[in-house]
file run_0.cif (mmCIF, C-alpha atoms and all ligand atoms)
data_structure
#
loop_
_atom_site.label_atom_id
_atom_site.label_comp_id
_atom_site.auth_asym_id
_atom_site.auth_seq_id
_atom_site.Cartn_x
_atom_site.Cartn_y
_atom_site.Cartn_z
CA MET J 1 68.04 217.66 179.56
CA ASN J 2 68.63 213.92 179.28
CA THR J 3 68.41 211.96 176.02
CA SER J 4 64.82 210.80 176.51
CA GLU J 5 63.63 214.36 177.26
CA ILE J 6 65.32 215.64 174.11
CA LYS J 7 63.90 212.72 172.13
CA SER J 8 60.36 213.50 173.30
CA LEU J 9 60.69 217.04 171.88
CA PHE J 10 61.58 215.47 168.54
CA ASP J 11 58.72 212.96 168.69
CA LYS J 12 56.30 215.84 169.18
CA TYR J 13 57.71 218.75 167.19
CA VAL J 14 60.32 217.65 164.61
CA MET J 15 59.56 215.93 161.30
CA SER J 16 60.61 212.30 161.32
CA ASN J 17 62.57 212.25 158.03
CA TYR J 18 65.87 211.16 159.61
CA THR J 19 66.75 207.75 161.01
CA ARG J 20 68.21 208.95 164.29
CA LEU J 21 70.67 207.15 166.52
CA PRO J 22 69.51 206.84 170.17
CA LEU J 23 71.97 209.51 171.15
CA ALA J 24 71.94 213.25 171.86
CA ILE J 25 75.40 214.80 171.43
CA VAL J 26 75.59 217.91 173.58
CA ARG J 27 79.29 218.83 173.63
CA GLY J 28 82.39 218.35 171.51
CA LYS J 29 86.12 219.04 171.71
CA GLY J 30 88.60 217.94 169.06
CA ASN J 31 87.84 214.36 168.10
CA TRP J 32 85.73 213.70 171.17
CA VAL J 33 82.03 214.25 171.84
CA TRP J 34 79.85 213.78 174.91
CA ASP J 35 76.21 212.66 175.04
CA ALA J 36 73.50 214.06 177.31
CA GLU J 37 74.36 211.45 179.98
CA GLY J 38 78.02 212.50 179.94
CA LYS J 39 79.35 209.45 178.09
CA LYS J 40 82.41 210.18 175.90
CA TYR J 41 82.92 208.99 172.31
CA LEU J 42 85.79 209.11 169.82
CA ASP J 43 84.25 210.60 166.66
CA LEU J 44 85.78 209.31 163.40
CA PHE J 45 82.77 210.53 161.39
CA PRO J 46 82.46 214.04 162.81
CA GLY J 47 79.32 215.74 161.56
CA TRP J 48 79.30 213.63 158.34
CA GLY J 49 82.64 215.21 157.45
CA VAL J 50 81.67 218.76 158.43
CA ALA J 51 83.92 218.99 161.49
CA GLY J 52 87.11 218.56 159.45
CA LEU J 53 89.14 220.39 162.10
CA GLY J 54 87.46 218.43 164.89
CA HIS J 55 84.74 219.83 167.11
CA CYS J 56 84.98 223.42 168.39
CA HIS J 57 88.50 224.12 167.12
CA PRO J 58 89.69 227.11 169.23
CA LYS J 59 90.53 229.22 166.12
CA ILE J 60 87.02 228.72 164.71
CA VAL J 61 85.38 229.48 168.06
CA GLU J 62 87.46 232.64 168.38
CA ALA J 63 86.66 233.81 164.81
CA VAL J 64 82.91 233.19 165.22
CA LYS J 65 82.83 235.07 168.55
CA ARG J 66 84.84 237.97 167.19
CA GLN J 67 82.73 238.29 164.04
CA ALA J 68 79.40 237.91 165.91
CA GLU J 69 80.31 240.95 167.98
CA LYS J 70 81.31 242.97 164.91
CA LEU J 71 78.68 242.15 162.26
CA ILE J 72 76.48 239.04 161.90
CA HIS J 73 74.96 239.58 158.50
CA VAL J 74 74.88 242.11 155.72
CA ALA J 75 73.30 241.73 152.29
CA ASN J 76 75.22 240.82 149.17
CA ASN J 77 74.59 244.19 147.52
CA PHE J 78 77.39 245.49 149.76
CA TYR J 79 81.07 244.53 149.66
CA ILE J 80 81.71 242.13 152.55
CA GLU J 81 85.29 242.14 153.83
CA GLU J 82 85.29 238.57 155.24
CA GLN J 83 83.78 237.20 152.01
CA GLY J 84 86.50 238.83 149.92
CA LEU J 85 89.23 237.46 152.21
CA PHE J 86 87.75 233.95 152.17
CA ALA J 87 87.43 234.00 148.37
CA GLU J 88 91.10 235.02 148.16
CA LYS J 89 92.09 232.09 150.42
CA LEU J 90 90.09 229.58 148.36
CA SER J 91 91.23 230.92 145.01
CA THR J 92 94.92 230.93 145.92
CA LYS J 93 94.78 227.37 147.33
CA ALA J 94 93.10 226.30 144.07
CA SER J 95 94.00 227.61 140.59
CA GLY J 96 92.71 231.17 140.49
CA GLN J 97 89.00 230.25 140.40
CA LYS J 98 86.38 232.87 141.32
CA CYS J 99 83.87 232.10 144.05
CA PHE J 100 80.10 232.27 144.56
CA PHE J 101 78.96 231.54 148.09
CA ALA J 102 75.92 229.47 149.08
CA ASN J 103 74.85 227.70 152.27
CA SER J 104 75.12 223.99 151.56
CA GLY J 105 76.38 221.35 149.18
CA ALA J 106 73.07 220.93 147.38
CA GLU J 107 72.73 224.67 146.91
CA ALA J 108 76.26 224.92 145.52
CA ASN J 109 75.52 222.06 143.09
CA GLU J 110 72.22 223.63 142.08
CA GLY J 111 74.14 226.83 141.25
CA ALA J 112 76.86 224.92 139.39
CA ILE J 113 74.22 223.27 137.20
CA LYS J 114 72.62 226.66 136.48
CA LEU J 115 76.02 228.15 135.67
CA ALA J 116 76.87 225.30 133.26
CA ARG J 117 73.58 225.70 131.37
CA LEU J 118 73.90 229.48 131.30
CA HIS J 119 77.47 229.36 130.03
CA CYS J 120 76.76 226.78 127.31
CA GLN J 121 73.22 227.71 126.29
CA PRO J 122 71.26 226.45 124.41
CA ARG J 123 73.00 223.18 125.32
CA TYR J 124 71.47 221.83 128.54
CA LYS J 125 72.16 218.11 129.02
CA ILE J 126 74.42 216.92 131.84
CA VAL J 127 75.98 213.49 132.21
CA THR J 128 76.57 212.32 135.81
CA LEU J 129 77.56 208.93 137.27
CA MET J 130 75.66 205.98 138.70
CA HIS J 131 75.99 205.65 142.51
CA SER J 132 76.74 209.39 142.78
CA PHE J 133 75.36 211.71 145.43
CA HIS J 134 74.86 215.43 144.81
CA GLY J 135 72.30 216.53 147.44
CA ARG J 136 68.55 216.82 147.93
CA SER J 137 67.29 219.81 145.94
CA PHE J 138 65.45 218.98 142.69
CA ALA J 139 68.39 219.36 140.30
CA ALA J 140 70.69 217.66 142.83
CA ILE J 141 68.48 214.55 143.28
CA THR J 142 68.13 214.40 139.50
CA ALA J 143 71.92 214.55 139.14
CA THR J 144 72.23 211.82 141.78
CA GLY J 145 72.50 208.45 140.01
CA GLN J 146 70.58 206.47 142.64
CA PRO J 147 66.88 205.93 141.89
CA HIS J 148 65.83 205.58 145.54
CA TYR J 149 66.64 209.26 146.18
CA GLN J 150 64.30 210.24 143.31
CA LYS J 151 61.37 207.96 144.14
CA GLY J 152 58.10 209.83 144.70
CA PHE J 153 59.34 213.17 143.36
CA ALA J 154 58.62 212.91 139.63
CA PRO J 155 58.74 214.77 137.33
CA LEU J 156 62.43 215.46 137.79
CA VAL J 157 64.60 218.04 135.99
CA PRO J 158 65.02 217.21 132.28
CA GLY J 159 68.41 216.61 130.68
CA PHE J 160 70.28 214.26 133.03
CA SER J 161 71.71 210.84 132.16
CA TYR J 162 73.96 208.45 134.05
CA ALA J 163 77.21 206.75 133.04
CA GLU J 164 79.42 204.23 134.86
CA ILE J 165 82.37 205.38 136.96
CA ASN J 166 85.77 204.71 135.32
CA ASP J 167 84.12 203.72 132.04
CA PHE J 168 84.91 206.53 129.60
CA ALA J 169 83.00 204.88 126.72
CA SER J 170 79.81 204.87 128.84
CA VAL J 171 80.10 208.67 129.21
CA GLU J 172 80.97 209.25 125.56
CA LYS J 173 77.90 207.26 124.50
CA LEU J 174 75.58 209.66 126.38
CA VAL J 175 77.14 212.88 125.05
CA ASP J 176 75.45 214.60 122.10
CA ASP J 177 75.23 218.10 120.56
CA GLU J 178 72.97 219.24 123.40
CA THR J 179 75.31 218.18 126.24
CA CYS J 180 76.86 221.03 128.22
CA ALA J 181 78.66 219.25 131.05
CA VAL J 182 79.90 216.15 132.83
CA MET J 183 79.47 216.29 136.60
CA LEU J 184 81.01 213.88 139.12
CA GLU J 185 82.59 213.39 142.53
CA PRO J 186 86.35 212.65 142.15
CA VAL J 187 85.84 210.10 144.93
CA GLN J 188 82.24 208.96 145.42
CA GLY J 189 81.48 209.34 149.12
CA GLU J 190 77.93 208.39 149.98
CA GLY J 191 78.06 205.85 147.12
CA GLY J 192 80.59 203.79 149.12
CA VAL J 193 84.03 205.50 148.78
CA TYR J 194 84.79 204.72 145.13
CA PRO J 195 87.65 206.79 143.63
CA CYS J 196 87.70 207.86 139.99
CA GLU J 197 90.79 206.70 138.12
CA LYS J 198 93.19 209.43 137.03
CA THR J 199 93.10 208.25 133.38
CA PHE J 200 89.27 208.37 133.40
CA LEU J 201 89.35 212.01 134.58
CA GLN J 202 92.07 212.86 132.04
CA LYS J 203 89.97 211.44 129.19
CA LEU J 204 86.92 213.40 130.38
CA ARG J 205 89.01 216.59 130.54
CA GLU J 206 90.24 216.03 127.00
CA MET J 207 86.72 215.33 125.70
CA CYS J 208 85.24 218.39 127.45
CA ASP J 209 87.97 220.58 125.92
CA ARG J 210 87.41 219.10 122.47
CA LYS J 211 83.61 219.47 122.59
CA LYS J 212 83.69 222.78 124.50
CA MET J 213 81.78 221.22 127.39
CA LEU J 214 82.34 221.88 131.09
CA LEU J 215 83.80 219.46 133.59
CA ILE J 216 82.18 219.88 137.02
CA PHE J 217 83.63 218.28 140.16
CA ASP J 218 81.34 217.96 143.18
CA GLU J 219 83.97 218.36 145.89
CA VAL J 220 81.49 218.85 148.72
CA GLN J 221 83.09 215.88 150.50
CA THR J 222 86.57 215.71 148.88
CA SER J 223 87.65 219.24 149.79
CA PRO J 224 89.28 220.97 151.55
CA CYS J 225 92.23 218.77 152.66
CA ARG J 226 90.25 215.51 152.66
CA LEU J 227 92.30 213.74 149.97
CA GLY J 228 95.65 215.07 151.21
CA GLU J 229 95.59 218.13 148.91
CA TRP J 230 93.74 221.42 149.37
CA PHE J 231 91.23 220.36 146.72
CA GLY J 232 90.53 216.83 145.54
CA TYR J 233 91.22 217.65 141.88
CA GLN J 234 94.84 218.40 142.79
CA HIS J 235 95.26 214.78 143.91
CA PHE J 236 94.34 213.67 140.37
CA GLY J 237 96.07 216.51 138.49
CA VAL J 238 92.92 217.22 136.45
CA THR J 239 91.41 220.72 136.78
CA PRO J 240 87.63 221.07 136.45
CA ASP J 241 85.96 224.18 134.98
CA ILE J 242 83.63 224.35 137.95
CA LEU J 243 83.94 222.81 141.39
CA THR J 244 81.64 222.89 144.38
CA SER J 245 82.56 222.53 148.03
CA ALA J 246 80.72 222.65 151.36
CA LYS J 247 80.81 220.30 154.41
CA SER J 248 84.13 221.19 156.14
CA ILE J 249 84.96 224.27 154.03
CA ALA J 250 84.22 226.71 156.89
CA GLY J 251 85.31 224.70 159.94
CA GLY J 252 81.76 223.56 160.75
CA MET J 253 79.75 226.67 159.85
CA PRO J 254 77.05 226.16 157.15
CA LEU J 255 78.64 227.34 153.94
CA GLY J 256 78.86 226.12 150.36
CA VAL J 257 80.83 227.51 147.45
CA ILE J 258 80.94 227.31 143.67
CA MET J 259 84.42 227.93 142.26
CA ALA J 260 84.76 228.46 138.52
CA LEU J 261 87.62 229.34 136.20
CA PRO J 262 87.33 233.08 135.40
CA GLU J 263 86.04 232.70 131.80
CA VAL J 264 83.20 230.44 133.03
CA ALA J 265 82.53 232.52 136.15
CA ALA J 266 81.94 235.53 133.88
CA SER J 267 78.61 234.03 132.77
CA LEU J 268 77.11 234.59 136.22
CA LYS J 269 76.06 238.19 135.64
CA PRO J 270 73.90 240.37 137.94
CA GLY J 271 70.37 238.98 138.13
CA THR J 272 71.27 235.41 137.10
CA HIS J 273 71.76 233.86 140.54
CA ALA J 274 71.73 234.84 144.22
CA SER J 275 71.58 233.59 147.80
CA THR J 276 70.44 235.73 150.75
CA PHE J 277 72.60 234.07 153.39
CA GLY J 278 75.38 233.00 151.00
CA GLY J 279 78.82 234.30 151.95
CA ASN J 280 77.56 235.52 155.30
CA SER J 281 80.12 237.35 157.48
CA ILE J 282 80.31 234.75 160.27
CA GLY J 283 80.60 231.80 157.90
CA CYS J 284 83.36 233.47 155.89
CA ALA J 285 85.27 234.59 159.02
CA ALA J 286 85.13 230.96 160.18
CA GLY J 287 86.30 229.81 156.75
CA VAL J 288 89.36 232.07 156.83
CA ALA J 289 90.17 230.84 160.35
CA ALA J 290 89.76 227.21 159.22
CA PHE J 291 92.27 227.64 156.39
CA GLU J 292 94.72 229.41 158.70
CA ALA J 293 94.45 226.55 161.20
CA MET J 294 94.89 223.92 158.48
CA GLU J 295 98.07 225.73 157.36
CA GLU J 296 99.51 226.40 160.83
CA GLU J 297 98.93 222.84 162.03
CA ASP J 298 100.05 221.29 158.71
CA MET J 299 96.91 219.16 158.43
CA LEU J 300 97.81 218.11 154.88
CA GLY J 301 101.08 216.71 156.26
CA ASN J 302 99.17 214.90 159.00
CA ILE J 303 96.77 213.31 156.51
CA ARG J 304 99.63 212.02 154.38
CA LYS J 305 101.50 210.70 157.44
CA GLN J 306 98.52 209.01 159.14
CA GLY J 307 97.36 207.57 155.80
CA ALA J 308 100.22 205.08 155.92
CA LEU J 309 99.28 204.13 159.49
CA ILE J 310 95.61 203.62 158.49
CA ASP J 311 96.63 201.29 155.64
CA GLN J 312 98.89 199.28 157.90
CA ARG J 313 96.39 198.96 160.75
CA MET J 314 93.49 198.12 158.42
CA ALA J 315 95.56 195.40 156.72
CA GLU J 316 96.31 193.93 160.17
CA ILE J 317 92.63 194.01 161.11
CA ARG J 318 91.71 192.37 157.84
CA GLY J 319 94.22 189.57 158.45
CA LYS J 320 93.15 189.09 162.05
CA VAL J 321 89.37 189.37 161.76
CA GLY J 322 88.55 188.40 158.17
CA GLY J 323 85.16 189.09 156.60
CA ILE J 324 86.52 192.27 154.96
CA ALA J 325 86.01 192.28 151.18
CA GLN J 326 87.90 195.48 150.29
CA ILE J 327 89.49 198.53 151.89
CA ARG J 328 89.28 201.77 149.92
CA ARG J 329 91.14 204.85 151.12
CA VAL J 330 92.10 208.19 149.63
CA GLY J 331 93.53 210.61 152.20
CA PHE J 332 91.13 210.70 155.14
CA MET J 333 88.23 209.14 153.23
CA LEU J 334 88.04 205.52 154.31
CA GLY J 335 85.61 202.82 153.19
CA VAL J 336 85.78 199.27 154.58
CA GLU J 337 83.58 196.93 152.59
CA LEU J 338 82.40 193.96 154.63
CA GLU J 339 81.11 190.56 153.61
CA PHE J 340 78.25 191.00 156.11
CA PRO J 341 75.92 193.88 157.10
CA GLY J 342 77.64 196.82 158.77
CA ALA J 343 74.80 198.31 160.86
CA ALA J 344 75.51 196.02 163.82
CA VAL J 345 79.20 196.99 163.70
CA VAL J 346 78.30 200.68 163.88
CA ASP J 347 76.02 199.97 166.89
CA ASP J 348 78.67 197.84 168.64
CA CYS J 349 81.32 200.56 168.09
CA ARG J 350 78.97 203.23 169.44
CA GLU J 351 78.20 201.20 172.57
CA ASN J 352 81.94 200.99 173.12
CA GLY J 353 82.66 204.67 172.56
CA LEU J 354 83.44 205.00 168.84
CA LEU J 355 81.34 206.81 166.21
CA ILE J 356 81.60 205.65 162.57
CA ASN J 357 79.10 205.35 159.69
CA CYS J 358 77.84 202.63 157.40
CA THR J 359 76.70 203.31 153.82
CA HIS J 360 75.14 200.93 151.29
CA GLU J 361 74.59 198.26 153.95
CA LYS J 362 78.10 196.82 153.90
CA VAL J 363 80.54 199.74 153.65
CA LEU J 364 81.84 201.13 156.95
CA ARG J 365 82.78 204.74 156.38
CA MET J 366 85.08 207.09 158.25
CA LEU J 367 85.77 210.78 157.55
CA PRO J 368 88.19 211.61 160.40
CA ALA J 369 89.11 215.18 161.28
CA PHE J 370 92.28 216.30 159.50
CA ASN J 371 94.20 216.60 162.79
CA THR J 372 93.40 213.10 164.10
CA THR J 373 96.50 211.66 165.82
CA ALA J 374 98.07 208.20 165.57
CA ASP J 375 97.03 207.57 169.16
CA GLU J 376 93.39 208.37 168.38
CA PHE J 377 93.40 206.12 165.30
CA ASN J 378 94.89 203.29 167.39
CA GLN J 379 92.19 203.71 170.05
CA GLY J 380 89.46 203.75 167.39
CA PHE J 381 90.79 200.75 165.49
CA ALA J 382 91.04 198.72 168.72
CA ILE J 383 87.31 199.27 169.34
CA LEU J 384 86.55 198.55 165.68
CA THR J 385 88.49 195.27 165.76
CA GLN J 386 86.49 193.92 168.70
CA ALA J 387 83.20 195.04 167.11
CA LEU J 388 84.09 193.36 163.80
CA LYS J 389 85.00 190.11 165.59
CA ARG J 390 81.70 189.99 167.49
CA CYS J 391 79.51 190.98 164.53
CA ARG J 392 81.20 188.63 162.12
CA GLU J 393 80.57 185.72 164.49
CA THR J 394 76.93 186.73 164.91
CA ALA J 395 76.52 187.06 161.13
CA GLY J 396 78.04 183.57 160.76
CA VAL J 397 80.52 184.61 158.04
CA LYS J 398 83.42 182.19 157.56
C1 LIG J 401 76.97 215.87 151.45
C2 LIG J 401 77.09 215.98 150.00
C3 LIG J 401 76.22 216.80 149.23
C4 LIG J 401 75.05 217.52 149.85
O1 LIG J 401 75.45 218.54 150.72
P1 LIG J 401 74.34 219.26 151.62
O2 LIG J 401 75.12 220.30 152.37
O3 LIG J 401 73.74 218.21 152.51
O4 LIG J 401 73.33 219.84 150.73
C5 LIG J 401 76.47 216.93 147.88
N1 LIG J 401 77.48 216.28 147.28
C6 LIG J 401 78.33 215.48 147.97
C7 LIG J 401 79.45 214.82 147.25
C8 LIG J 401 78.15 215.30 149.34
O5 LIG J 401 78.98 214.49 150.02
#

call {"tool": "encode", "arguments": {"input": "run_0.cif", "output": "structure tokens"}}
result
Amino acid sequence: MNTSEIKSLFDKYVMSNYTRLPLAIVRGKGNWVWDAEGKKYLDLFPGWGVAGLGHCHPKIVEAVKRQAEKLIHVANNFYIEEQGLFAEKLSTKASGQKCFFANSGAEANEGAIKLARLHCQPRYKIVTLMHSFHGRSFAAITATGQPHYQKGFAPLVPGFSYAEINDFASVEKLVDDETCAVMLEPVQGEGGVYPCEKTFLQKLREMCDRKKMLLIFDEVQTSPCRLGEWFGYQHFGVTPDILTSAKSIAGGMPLGVIMALPEVAASLKPGTHASTFGGNSIGCAAGVAAFEAMEEEDMLGNIRKQGALIDQRMAEIRGKVGGIAQIRRVGFMLGVELEFPGAAVVDDCRENGLLINCTHEKVLRMLPAFNTTADEFNQGFAILTQALKRCRETAGVK
């Protein structure tokens, strides 16, 4: 099928809740994808960060095929070998946390919020941050500190309030005897790539310990590997009581996870929470394969190495092109804040064979696969430089 044939199916049969690019991606390999007309693109925003190992990594493909032939799904009232092995992988890369498996980031966050309330009952209030993003279920949009995600859905879930990132006093002010948790992304992704400061997280950890509250990290985007450590919290040296992950956790398969320190995890007793598909055999087999590939190919090492190259190249582009207000990078999470709208830059890049994203109108965002090479970055940044030059001229920015 060509793009317009595929598009006509969508016009007729699919709900129109997404703003779609005029593109149908039909094939992918590594950091490259092909559209329905056979045009090739370098993908530095693969699957919104889901394809952390690139598209169709051979180890993931092999694990999915192998598992599909053995057992596709079995219910969670049986012991599931692949789920146990994946939980072991996750726990040993982290700090001995126990796992509950879900299907998505929002579902993991929903479960984390339930677990926090259950563990701390009758306390129920949760402080989150402005400009955060936690997903689209009811508790997750309530936790999300951006009113436009909540508009039209009132009444929301009671008990949430919003502090400012890196402003400990603003959190402290919202905490009272009924507060059970503070929940945040260690680096805000959708909000525009804003990292938390280490001292801010340390102060929150100390306060949560003192008040017997839980610290929850939404690591749906910052783990695994993304920040140059297995989990984002390890980059900051501050361990949360509960963390959630999803996106690239299972090499592209739909899987989310809640990981909690054992004494907190113990509150999730039989009957308190469940997920039919959660921890499904294929997803977990893919997850184990993803972690093996990340280890064998030293993707953490690659992220640390290429990080220096990204900084250097971006500084050059900034000097050459201008119109760049700020560059924010932690590991392979890159935000380039422009002094003019970014949508035209994204379009120009796409027309010239590069896929990137723009969030909050002016922040170009890239979430490259963990195995992206120096050569691929150089190719991508060359296209980006030309696009920035053209769009800056059009926007008339000095
Ligand atoms: C993407 C994202 C979510 C939502 O994940 P879904 O799988 O779309 O539900 C939640 N939190 C963060 C930090 C995210 O980046």

call {"tool": "closest_residue", "arguments": {"input": "run_0.cif", "among": "J:Leu243, J:Ile327, J:Cys284, J:Leu204", "to": "ligand LIG 401 (chain J)", "atoms": "all atoms listed in the file"}}
result
J:Leu243

call {"tool": "residues_around", "arguments": {"input": "run_0.cif", "residues": "Cys225 (chain J)", "least_positions_apart": "3", "cutoff": "8 Å", "atoms": "only C-alpha atoms", "output": "PyMOL selection string"}}
result
chain J and resi 222+228-232+299-300+370

call {"tool": "residues_near_ligand", "arguments": {"input": "run_0.cif", "ligand": "ligand LIG 401 (chain J)", "cutoff": "9 Å", "atoms": "only C-alpha atoms and all ligand atoms", "output": "short mmCIF file (atom, residue, chain, number, x, y, z; two decimals) with C-alpha atoms, keeping the file's coordinate frame"}}
result
data_model
loop_
_atom_site.label_atom_id
_atom_site.label_comp_id
_atom_site.auth_asym_id
_atom_site.auth_seq_id
_atom_site.Cartn_x
_atom_site.Cartn_y
_atom_site.Cartn_z
CA TRP J 48 79.30 213.63 158.34
CA GLY J 49 82.64 215.21 157.45
CA VAL J 50 81.67 218.76 158.43
CA ASN J 103 74.85 227.70 152.27
CA SER J 104 75.12 223.99 151.56
CA GLY J 105 76.38 221.35 149.18
CA ALA J 106 73.07 220.93 147.38
CA GLU J 107 72.73 224.67 146.91
CA ALA J 108 76.26 224.92 145.52
CA ASN J 109 75.52 222.06 143.09
CA SER J 132 76.74 209.39 142.78
CA PHE J 133 75.36 211.71 145.43
CA HIS J 134 74.86 215.43 144.81
CA GLY J 135 72.30 216.53 147.44
CA ARG J 136 68.55 216.82 147.93
CA SER J 137 67.29 219.81 145.94
CA ALA J 140 70.69 217.66 142.83
CA THR J 144 72.23 211.82 141.78
CA LEU J 184 81.01 213.88 139.12
CA GLU J 185 82.59 213.39 142.53
CA PRO J 186 86.35 212.65 142.15
CA VAL J 187 85.84 210.10 144.93
CA GLN J 188 82.24 208.96 145.42
CA GLY J 189 81.48 209.34 149.12
CA GLU J 190 77.93 208.39 149.98
CA PHE J 217 83.63 218.28 140.16
CA ASP J 218 81.34 217.96 143.18
CA GLU J 219 83.97 218.36 145.89
CA VAL J 220 81.49 218.85 148.72
CA GLN J 221 83.09 215.88 150.50
CA THR J 222 86.57 215.71 148.88
CA THR J 244 81.64 222.89 144.38
CA SER J 245 82.56 222.53 148.03
CA ALA J 246 80.72 222.65 151.36
CA LYS J 247 80.81 220.30 154.41
CA PRO J 254 77.05 226.16 157.15
CA LEU J 255 78.64 227.34 153.94
CA GLY J 256 78.86 226.12 150.36
#

call {"tool": "residues_around", "arguments": {"input": "run_0.cif", "residues": "Leu227 (chain J)", "least_positions_apart": "4", "cutoff": "7 Å", "atoms": "all atoms listed in the file", "output": "NGL selection string"}}
result
:J and (222 or 232 or 235 or 330-333)

call {"tool": "closest_residue", "arguments": {"input": "run_0.cif", "among": "J:Ala265, J:Cys99, J:Leu9, J:Val14", "to": "His119 (chain J)", "atoms": "all atoms listed in the file"}}
result
J:Ala265

call {"tool": "residues_near_point", "arguments": {"input": "run_0.cif", "point": "(73.5, 215.2, 131.1)", "cutoff": "9 Å", "atoms": "all atoms listed in the file", "output": "list of chain:residue names"}}
result
J:Tyr124, J:Lys125, J:Ile126, J:Val127, J:Thr128, J:Ala143, J:Pro158, J:Gly159, J:Phe160, J:Ser161, J:Tyr162, J:Leu174, J:Val175, J:Glu178, J:Thr179, J:Cys180, J:Ala181, J:Val182, J:Met183

call {"tool": "write_last_selection", "arguments": {"input": "run_0.cif", "atoms": "C-alpha atoms", "output": "PDB file, keeping the file's coordinate frame"}}
result
ATOM      1  CA  TYR J 124      71.470 221.830 128.540  1.00  0.00           C
ATOM      2  CA  LYS J 125      72.160 218.110 129.020  1.00  0.00           C
ATOM      3  CA  ILE J 126      74.420 216.920 131.840  1.00  0.00           C
ATOM      4  CA  VAL J 127      75.980 213.490 132.210  1.00  0.00           C
ATOM      5  CA  THR J 128      76.570 212.320 135.810  1.00  0.00           C
ATOM      6  CA  ALA J 143      71.920 214.550 139.140  1.00  0.00           C
ATOM      7  CA  PRO J 158      65.020 217.210 132.280  1.00  0.00           C
ATOM      8  CA  GLY J 159      68.410 216.610 130.680  1.00  0.00           C
ATOM      9  CA  PHE J 160      70.280 214.260 133.030  1.00  0.00           C
ATOM     10  CA  SER J 161      71.710 210.840 132.160  1.00  0.00           C
ATOM     11  CA  TYR J 162      73.960 208.450 134.050  1.00  0.00           C
ATOM     12  CA  LEU J 174      75.580 209.660 126.380  1.00  0.00           C
ATOM     13  CA  VAL J 175      77.140 212.880 125.050  1.00  0.00           C
ATOM     14  CA  GLU J 178      72.970 219.240 123.400  1.00  0.00           C
ATOM     15  CA  THR J 179      75.310 218.180 126.240  1.00  0.00           C
ATOM     16  CA  CYS J 180      76.860 221.030 128.220  1.00  0.00           C
ATOM     17  CA  ALA J 181      78.660 219.250 131.050  1.00  0.00           C
ATOM     18  CA  VAL J 182      79.900 216.150 132.830  1.00  0.00           C
ATOM     19  CA  MET J 183      79.470 216.290 136.600  1.00  0.00           C
TER      20      MET J 183
END

call {"tool": "closest_residue", "arguments": {"input": "run_0.cif", "among": "J:Met259, J:Tyr13, J:Gly38, J:Cys120", "to": "Lys93 (chain J)", "atoms": "all atoms listed in the file"}}
result
J:Met259

call {"tool": "closest_atom_pairs", "arguments": {"input": "run_0.cif", "of": "region 23-45 of chain J", "to": "region 336-347 of chain J", "cutoff": "12 Å", "atoms": "all atoms listed in the file", "output": "JSON lines"}}
result
{"residue": "J:Leu23", "atom": "CA", "partner": "J:Asp347", "partner_atom": "CA", "distance": 11.2}
{"residue": "J:Asp43", "atom": "CA", "partner": "J:Val346", "partner_atom": "CA", "distance": 11.9}
{"residue": "J:Leu44", "atom": "CA", "partner": "J:Val346", "partner_atom": "CA", "distance": 11.4}
{"residue": "J:Phe45", "atom": "CA", "partner": "J:Val346", "partner_atom": "CA", "distance": 11.1}

call {"tool": "residues_around", "arguments": {"input": "run_0.cif", "residues": "Gln97 (chain J)", "least_positions_apart": "5", "cutoff": "12 Å", "atoms": "all atoms listed in the file", "output": "list of chain:residue names"}}
result
J:Ala87, J:Glu88, J:Lys89, J:Leu90, J:Ser91, J:Thr92, J:Phe231, J:Thr239, J:Pro240, J:Asp241, J:Ile242, J:Leu243, J:Thr244, J:Val257, J:Ile258, J:Met259, J:Ala260, J:Leu261, J:Pro262, J:Glu263, J:Val264, J:Ala265, J:Ala266

call {"tool": "atom_distance", "arguments": {"input": "run_0.cif", "atom1": "CA of Arg66 (chain J)", "atom2": "CA of Glu292 (chain J)"}}
result
15.6 Å

call {"tool": "atom_distance", "arguments": {"input": "run_0.cif", "atom1": "CA of Arg117 (chain J)", "atom2": "CA of Pro270 (chain J)"}}
result
16.1 Å

call {"tool": "atom_distance", "arguments": {"input": "run_0.cif", "atom1": "CA of Tyr194 (chain J)", "atom2": "CA of Leu364 (chain J)"}}
result
12.7 Å

call {"tool": "residues_around", "arguments": {"input": "run_0.cif", "residues": "region 1-6 of chain J", "least_positions_apart": "5", "cutoff": "12 Å", "atoms": "only C-alpha atoms", "output": "PyMOL selection string"}}
result
chain J and resi 11-14+21-26+34-39

call {"tool": "closest_residue", "arguments": {"input": "run_0.cif", "among": "J:Leu201, J:Leu355, J:Ala325, J:Ala116", "to": "Phe381 (chain J)", "atoms": "only C-alpha atoms"}}
result
J:Leu355

call {"tool": "build_atoms", "arguments": {"input": "run_0.cif", "residues": "region 41-45 of chain J", "atoms": "N, CA and C atoms", "output": "mmCIF file, keeping the file's coordinate frame"}}
result
data_model
loop_
_atom_site.group_PDB
_atom_site.id
_atom_site.type_symbol
_atom_site.label_atom_id
_atom_site.label_comp_id
_atom_site.auth_asym_id
_atom_site.auth_seq_id
_atom_site.Cartn_x
_atom_site.Cartn_y
_atom_site.Cartn_z
ATOM 1 N N TYR J 41 82.718 209.789 173.527
ATOM 2 C CA TYR J 41 82.920 208.990 172.310
ATOM 3 C C TYR J 41 84.060 209.572 171.476
ATOM 4 N N LEU J 42 84.821 208.696 170.846
ATOM 5 C CA LEU J 42 85.790 209.110 169.820
ATOM 6 C C LEU J 42 85.016 209.201 168.500
ATOM 7 N N ASP J 43 85.103 210.345 167.835
ATOM 8 C CA ASP J 43 84.250 210.600 166.660
ATOM 9 C C ASP J 43 85.088 210.538 165.375
ATOM 10 N N LEU J 44 85.034 209.413 164.674
ATOM 11 C CA LEU J 44 85.780 209.310 163.400
ATOM 12 C C LEU J 44 84.865 209.579 162.196
ATOM 13 N N PHE J 45 83.678 210.104 162.477
ATOM 14 C CA PHE J 45 82.770 210.530 161.390
ATOM 15 C C PHE J 45 82.124 211.840 161.819
#
